[in-house]
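Note sheet for the following structure.
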Amino acid sequence: MATAAQRRIKSVSYAKYGYIFTAPFFIVYFIFMLFPLLTTFKLSVYGNGLSAKLDQAGTSINCFVGMDNFKTILTGGTDYKSMGIHENFVKFFGNTIIIWVGNFIPQICLSLLLAVWFTDLRVKMPGKGFFKVVMYMPNIITAASVAGLFLSLCGDSKYSVLNSFLLNHGFLDEAYMFASNKWSSRIIVMFIQVWMWFGNTMIMLMSGIQGINESLFEAAEIDGANSRQTFWRITFPLLKSIMVYTLLTSMIGGLQMFDIPFMFHTGNVINSHLETIAIFIYDYFHRDYLHPSYGYSAAASVILFVITSILGALVFYVQRDKDAIEIKKKRKAAAKEAKRRAARGGGFSI
Amino acid sequence: MSKKITYASDKGGYQTKVIIKSAFIYLGLIILTLICLVPIWILVVNSTRDHNEIIVNGMSLIPNKFLFHNIKTLGSNSLYTKFFHPLIGMRNSLIIAGCCCALTVFFAGLTAYGIVVYDFKLKGAMFTFIIAVMMIPTQVTAVGFMKMLVNWDLLNSYIPLIVPAIAAPAIVFFMRQYMLSSFPLDIIEAARIDGSNEFRTFLTISIPMMKPAFAVQAIFAFIAKWNDYYNQSLVLIKGDYRQNTMPMMVQGVLAIDRNPDYGANYAAIMLSIIPVVVVYLVLSKFIIGGVAAGGVKE
């Protein structure tokens, strides 16, 4: 063991490498991520027109407008345009939630079922690796290609696979607009999201189940528990924290949903039943990048940031190290006790 | 629990039960496998069929022989040559994803190494910061990012796509966990005594020892950047196919709304999917292992 003095010398001589090694990360992070984040915050309280040109409300990107952008987005304004922006925001937020819920519930059920199947001790399963590989595969395919794939399978055109099948067999008289109609398009996008992500969720849950002490399952089997009892009384309760983690990270991911809804349409007009909050942000500052509305986008980004932060904080609350907190609590209690004793012993506290 | 406990009456009954259950599970797995594979198979089949055949006969599961014809159409029809050049797209995507992947893994490793190995005042603060920013979505910073690109005249360049890869908090976090669990710090002491300087220790001792973690994260970083349509469409706005990436080109194909050649359309999408699938199948062992080890969800 090093003496205290030796340790001090060591920490003095090597500490600088800690800074050198971590410097590139932090420099790049500050320039390319933190600075834009702060700029976003700043832009959210500034106007929308470009500096040379005022927008309809008579503001530009150089005018401080306080909370006006948030007000417009969240409550609408008096004029036609800001009512439209408010309506869009509410609608797109609704779309995001509908599509997320519609993809998460089937996804988690399917993944959980598969994870339980794959980890079942009783069932010997050759080819397990093959199934896992196939089921994870949709996750790595580029979203643009996936959108293209499903557009050609069940798009609006009467030559898409689904339409031509239904037409040729006399189920339909004319092509159904699968990619344009409200619910059919949403259901297809939900299906795509499940298709892309269930393999990933399954593998995460599987590693969670494998983390459970195996002797518990063996004991259950010896006690004659059937699969359902094992699942509801052992697997599910012990998997709860991983499930909550999956739920929250999926929510954060769901709020960012962009690629598939953005590209699942024929031609150049985005299907408004699929537009999500991420597309709202993208649209207002980038679609027409010569006349961007930075203010509205930035305000929506800040709202998104707040929601994400709350969800992120919950993730850490769920994932927190319970033992460490217990120790901290005890230490605090001990400190309190000591204080109380000191107070009783004639001292006084202010 | 009730008092009545039923034991499996005999070993044969138990065995039958297991077999029935296995069969049931297999059936479910096969159906899901088909759901995963059939769309891709239909795509591959249709890319080998002629435009007219697709229109007249509809769906088919048997390949035809028009693949090269369709690919030729992609190369000659002005509807496609305006923006779809698979080789150029792949080259550009490769440049971006390759550079990003190398930078991400190297600097994430370096940062994690710095945080794990050295004792310094800001160590705790830095780690807390990395955890805190791990979940900030790209979309939130996009507005400010765009404004910055406009101000600094960085639009239509690869710099804003590649350089930010140096700072990947989630991967730093993963590397740190890996290092804490399976990197013996004594080895660094030994290297110091042998006279190796700190940077060389990292390069020649730490990286080789951390190879599994580096490999997994490299694969994930590469896939994430290859598929990253959002940032690429933010930065590359010139509409020039010579700088566009693969996802952007596919998006261009999807946007054709008048008289597309269906065979060529399918071939274009097929060309964007198949290389990824092939690479995936080769590396699948690492990828599945990486996801199971709590790989980054992106």
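In the structure tokens, the first chain shown is A, the next is B, and so on; residue numbers restart at 1 for each chain, and ligands run from 1 in the order shown.
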Item to check | All residues 7 Å or closer to stretch 169-180 of chain B, only C-alpha atoms, same chain fewer than 6 positions away omitted, as a count of residues only | outcome: 9
Checklist entry - Near A:Met177, within 12 Å and counting only C-alpha atoms, which residues show up once chain neighbours fewer than 6 positions away are dropped, as an NGL selection string? => result :A and (151 or 154-160 or 162-163 or 183-185 or 188 or 265-266 or 271)
Selected residues written out with C-alpha atoms, as a short mmCIF file (atom, residue, chain, number, x, y, z; two decimals), in the first residue's frame:
```cif
data_model
loop_
_atom_site.label_atom_id
_atom_site.label_comp_id
_atom_site.auth_asym_id
_atom_site.auth_seq_id
_atom_site.Cartn_x
_atom_site.Cartn_y
_atom_site.Cartn_z
CA LEU A 151 -44.74 1.51 -49.40
CA CYS A 154 -48.96 -1.68 -48.87
CA GLY A 155 -48.88 1.76 -50.41
CA ASP A 156 -51.48 3.80 -52.23
CA SER A 157 -50.66 2.62 -55.71
CA LYS A 158 -52.88 -0.06 -57.19
CA TYR A 159 -49.71 -1.95 -58.07
CA SER A 160 -48.54 -2.26 -54.48
CA LEU A 162 -51.41 -5.67 -50.98
CA ASN A 163 -53.63 -3.66 -53.34
CA TRP A 183 -56.05 4.77 -39.52
CA SER A 184 -54.66 2.42 -42.13
CA SER A 185 -51.51 4.52 -42.42
CA ILE A 188 -49.02 0.37 -40.86
CA HIS A 265 -45.86 8.57 -48.21
CA THR A 266 -45.81 8.63 -51.99
CA ASN A 271 -49.27 12.36 -44.57
#
```
Next on the checklist: List the spatial neighbours of A:Phe191 as number ranges by chain - criterion: any atom at most 12 Å away, only C-alpha atoms, same-chain residues fewer than 6 positions off excluded.
Outcome noted: A: 99-107, 138, 146-147, 150, 154, 183-185, 197-198, 260-261; B: 35-36
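Within the 10 Å cut-off around B:Leu67, using only C-alpha atoms and omitting residues fewer than 2 positions from it on the same chain, the listed residues are Val44, Val45, Asn46, Ser47, Thr48, Arg49, Asp50, Pro63, Asn64, Lys65, His69, Asn70, Ile71, Lys72, Thr73, Gly263, Ala264, Tyr266 and Ala267 of chain B.
Nearest residue to chain A, choosing from B:Ile95, B:Leu203, B:Val278, B:Ile256 and counting only C-alpha atoms: B:Ile256.
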Checklist entry - Please, which residues of stretch 79-253 of chain B, numbered as in this document, come out helix (DSSP H, G or I) from DSSP, as JSON, numbers by chain? => result {"B": [79, 80, 81, 86, 87, 88, 89, 90, 91, 92, 93, 94, 95, 96, 97, 98, 99, 100, 101, 102, 103, 104, 105, 106, 107, 108, 109, 110, 111, 112, 113, 114, 115, 116, 117, 123, 124, 125, 126, 127, 128, 129, 130, 131, 132, 133, 138, 139, 140, 141, 142, 143, 144, 145, 146, 147, 148, 149, 150, 151, 152, 159, 160, 161, 162, 163, 164, 165, 166, 169, 170, 171, 172, 173, 174, 175, 176, 177, 178, 179, 180, 181, 182, 186, 187, 188, 189, 190, 191, 192, 193, 198, 199, 200, 201, 202, 203, 204, 205, 206, 207, 208, 209, 211, 212, 213, 214, 215, 216, 217, 218, 219, 220, 221, 222, 223, 224, 225, 226, 229, 230, 231, 232, 233, 234, 235, 246, 247, 248, 249, 250, 251, 252, 253]}
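Between atom CA of B:Ile288 and atom CA of B:Ala218 lies a distance of 13.6 Å.
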Item to check | Contacts of A:Ile281 at 9 Å (only C-alpha atoms; same-chain gap of 4+ positions) as a ChimeraX atom specification | outcome: /A:276-277,285-286,294,296-301 /B:139-140,142-143
Now that the selection is made, can you save its residues with C-alpha atoms as a compact mmCIF listing (two decimals), in the first residue's frame?
```
# COMPACT_ATOMS: atom_id res chain seq x y z
CA THR A 276 -44.99 13.70 -35.26
CA ILE A 277 -43.56 16.33 -32.99
CA PHE A 285 -36.96 25.47 -39.37
CA HIS A 286 -35.81 23.33 -42.23
CA TYR A 294 -36.68 29.25 -35.85
CA TYR A 296 -41.59 28.07 -33.17
CA SER A 297 -39.25 25.18 -33.80
CA ALA A 298 -37.04 26.18 -30.91
CA ALA A 299 -39.99 26.59 -28.56
CA ALA A 300 -41.27 23.13 -29.52
CA SER A 301 -37.74 21.78 -29.00
CA GLN B 139 -34.07 16.84 -32.45
CA VAL B 140 -33.82 19.17 -29.49
CA ALA B 142 -31.28 20.57 -34.24
CA VAL B 143 -32.58 24.14 -34.42
```
Next on the checklist: Which residues are near stretch 230-236 of chain A? Cut-off 8 Å, only C-alpha atoms, ignore same chain within fewer than 3 positions. Put them as an MDAnalysis selection string.
Outcome noted: chainID A and resid 116 209 212 216:217 220 225:227 239:240
Output N, CA and C atoms of each residue in that selection to a file, as a tab-separated table (two decimals), in the first residue's frame.
```tsv
chain	number	residue	atom	x	y	z
A	116	VAL	N	-39.42	-14.91	-22.75
A	116	VAL	CA	-39.73	-16.03	-21.85
A	116	VAL	C	-39.53	-17.35	-22.58
A	209	ILE	N	-33.85	-11.39	-18.02
A	209	ILE	CA	-34.31	-12.66	-17.44
A	209	ILE	C	-33.11	-13.53	-17.06
A	212	ILE	N	-31.67	-13.02	-13.71
A	212	ILE	CA	-32.37	-13.53	-12.53
A	212	ILE	C	-31.70	-14.83	-12.09
A	216	LEU	N	-33.83	-19.84	-8.65
A	216	LEU	CA	-35.24	-19.54	-8.40
A	216	LEU	C	-36.14	-20.32	-9.35
A	217	PHE	N	-35.72	-20.35	-10.63
A	217	PHE	CA	-36.53	-21.09	-11.61
A	217	PHE	C	-36.49	-22.59	-11.30
A	220	ALA	N	-38.71	-23.35	-8.47
A	220	ALA	CA	-40.11	-23.30	-8.88
A	220	ALA	C	-40.49	-24.59	-9.60
A	225	ALA	N	-44.37	-25.74	-10.09
A	225	ALA	CA	-45.03	-24.57	-10.68
A	225	ALA	C	-45.11	-24.75	-12.18
A	226	ASN	N	-46.24	-24.36	-12.76
A	226	ASN	CA	-46.30	-24.43	-14.22
A	226	ASN	C	-45.75	-23.13	-14.81
A	227	SER	N	-45.69	-23.07	-16.15
A	227	SER	CA	-45.04	-21.93	-16.80
A	227	SER	C	-45.70	-20.62	-16.41
A	239	LEU	N	-38.54	-8.70	-13.12
A	239	LEU	CA	-38.20	-8.03	-14.36
A	239	LEU	C	-38.75	-6.61	-14.39
A	240	LYS	N	-39.49	-6.25	-13.35
A	240	LYS	CA	-40.24	-5.00	-13.38
A	240	LYS	C	-39.35	-3.80	-13.66
```
Checklist entry - chain B residues within 7 Å of chain A, counting only C-alpha atoms: which ones, as number ranges by chain? => result B: 7, 18, 22, 25, 33, 36, 43, 55, 58-59, 107, 110-111, 114-115, 118-120, 135, 137, 139-141, 143-145, 148, 164, 166-167, 223, 227, 247, 250-251, 254-257, 269, 272-273, 276, 284, 291-292, 294
Write a file of the selected residues as a PDB file, in the first residue's frame, keeping C-alpha atoms.
```
ATOM      1  CA  TYR B   7     -47.055 -33.895  -9.035  1.00  0.00           C
ATOM      2  CA  VAL B  18     -42.591 -30.439 -22.972  1.00  0.00           C
ATOM      3  CA  SER B  22     -41.796 -26.901 -27.786  1.00  0.00           C
ATOM      4  CA  ILE B  25     -43.167 -22.323 -29.406  1.00  0.00           C
ATOM      5  CA  THR B  33     -39.456 -15.397 -38.720  1.00  0.00           C
ATOM      6  CA  CYS B  36     -39.474 -10.718 -40.661  1.00  0.00           C
ATOM      7  CA  LEU B  43     -38.714  -7.035 -52.338  1.00  0.00           C
ATOM      8  CA  ILE B  55     -48.302  -4.448 -62.941  1.00  0.00           C
ATOM      9  CA  GLY B  58     -49.180  -8.556 -58.988  1.00  0.00           C
ATOM     10  CA  MET B  59     -47.418 -10.423 -56.211  1.00  0.00           C
ATOM     11  CA  PHE B 107     -12.439   9.037 -28.508  1.00  0.00           C
ATOM     12  CA  LEU B 110      -9.998   7.593 -24.661  1.00  0.00           C
ATOM     13  CA  THR B 111     -12.538   9.516 -22.590  1.00  0.00           C
ATOM     14  CA  GLY B 114      -9.300   9.028 -18.757  1.00  0.00           C
ATOM     15  CA  ILE B 115     -12.249   8.880 -16.396  1.00  0.00           C
ATOM     16  CA  TYR B 118      -6.918   8.807 -13.491  1.00  0.00           C
ATOM     17  CA  ASP B 119      -7.865  10.551 -10.309  1.00  0.00           C
ATOM     18  CA  PHE B 120      -8.622  14.183 -10.800  1.00  0.00           C
ATOM     19  CA  MET B 135     -30.528  11.123 -23.311  1.00  0.00           C
ATOM     20  CA  PRO B 137     -32.468  13.857 -28.300  1.00  0.00           C
ATOM     21  CA  GLN B 139     -34.070  16.835 -32.449  1.00  0.00           C
ATOM     22  CA  VAL B 140     -33.819  19.175 -29.485  1.00  0.00           C
ATOM     23  CA  THR B 141     -30.466  20.581 -30.533  1.00  0.00           C
ATOM     24  CA  VAL B 143     -32.584  24.144 -34.424  1.00  0.00           C
ATOM     25  CA  GLY B 144     -29.487  25.611 -32.810  1.00  0.00           C
ATOM     26  CA  PHE B 145     -27.290  23.253 -34.789  1.00  0.00           C
ATOM     27  CA  MET B 148     -24.795  27.423 -36.218  1.00  0.00           C
ATOM     28  CA  PRO B 164     -19.519  15.557 -33.644  1.00  0.00           C
ATOM     29  CA  ILE B 166     -16.018  12.488 -31.281  1.00  0.00           C
ATOM     30  CA  ALA B 167     -18.514  13.202 -28.525  1.00  0.00           C
ATOM     31  CA  ILE B 223     -24.946   1.187 -38.302  1.00  0.00           C
ATOM     32  CA  ASN B 227     -28.862   4.936 -41.133  1.00  0.00           C
ATOM     33  CA  PRO B 247     -30.711   6.966 -47.271  1.00  0.00           C
ATOM     34  CA  VAL B 250     -33.692   6.101 -51.336  1.00  0.00           C
ATOM     35  CA  GLN B 251     -35.842   8.928 -50.050  1.00  0.00           C
ATOM     36  CA  LEU B 254     -39.787   7.243 -52.704  1.00  0.00           C
ATOM     37  CA  ALA B 255     -40.635  10.799 -53.679  1.00  0.00           C
ATOM     38  CA  ILE B 256     -41.150   9.956 -57.358  1.00  0.00           C
ATOM     39  CA  ASP B 257     -44.870  10.390 -57.772  1.00  0.00           C
ATOM     40  CA  ILE B 269     -34.591  -0.253 -52.501  1.00  0.00           C
ATOM     41  CA  SER B 272     -29.884  -0.184 -50.355  1.00  0.00           C
ATOM     42  CA  ILE B 273     -30.941  -3.059 -48.122  1.00  0.00           C
ATOM     43  CA  VAL B 276     -26.541  -3.937 -44.935  1.00  0.00           C
ATOM     44  CA  SER B 284     -24.559 -10.883 -36.241  1.00  0.00           C
ATOM     45  CA  VAL B 291     -27.426  -5.708 -27.547  1.00  0.00           C
ATOM     46  CA  ALA B 292     -27.627  -8.277 -24.778  1.00  0.00           C
ATOM     47  CA  GLY B 294     -26.823  -3.428 -22.803  1.00  0.00           C
TER      48      GLY B 294
END
```
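With only C-alpha atoms as the atoms that count, the minimum distance from A:Thr119 to the choices A:Glu214, A:Glu174, A:Glu221, A:Glu87 is reached by A:Glu214.
For the pair atom CA of B:Ile30 and atom CA of A:Pro126, the interatomic distance is 12.9 Å.
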Next on the checklist: From the options A:Val45, A:Ile85, A:Ser111, A:Tyr80, which residue's atoms come nearest to B:Leu32, counting only C-alpha atoms?
Outcome noted: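 Ranked by minimum distance to B:Leu32, first place goes to A:Ser111.
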Next on the checklist: With only C-alpha atoms as the counted atoms, please give the residues lying no more than 10 Å from B:Ile287, apart from itself and same-chain residues fewer than 5 positions off, as a PyMOL selection string.
Outcome noted: (chain A and resi 133+136+140) or (chain B and resi 215-217+219-220+280-282+292-293+295)
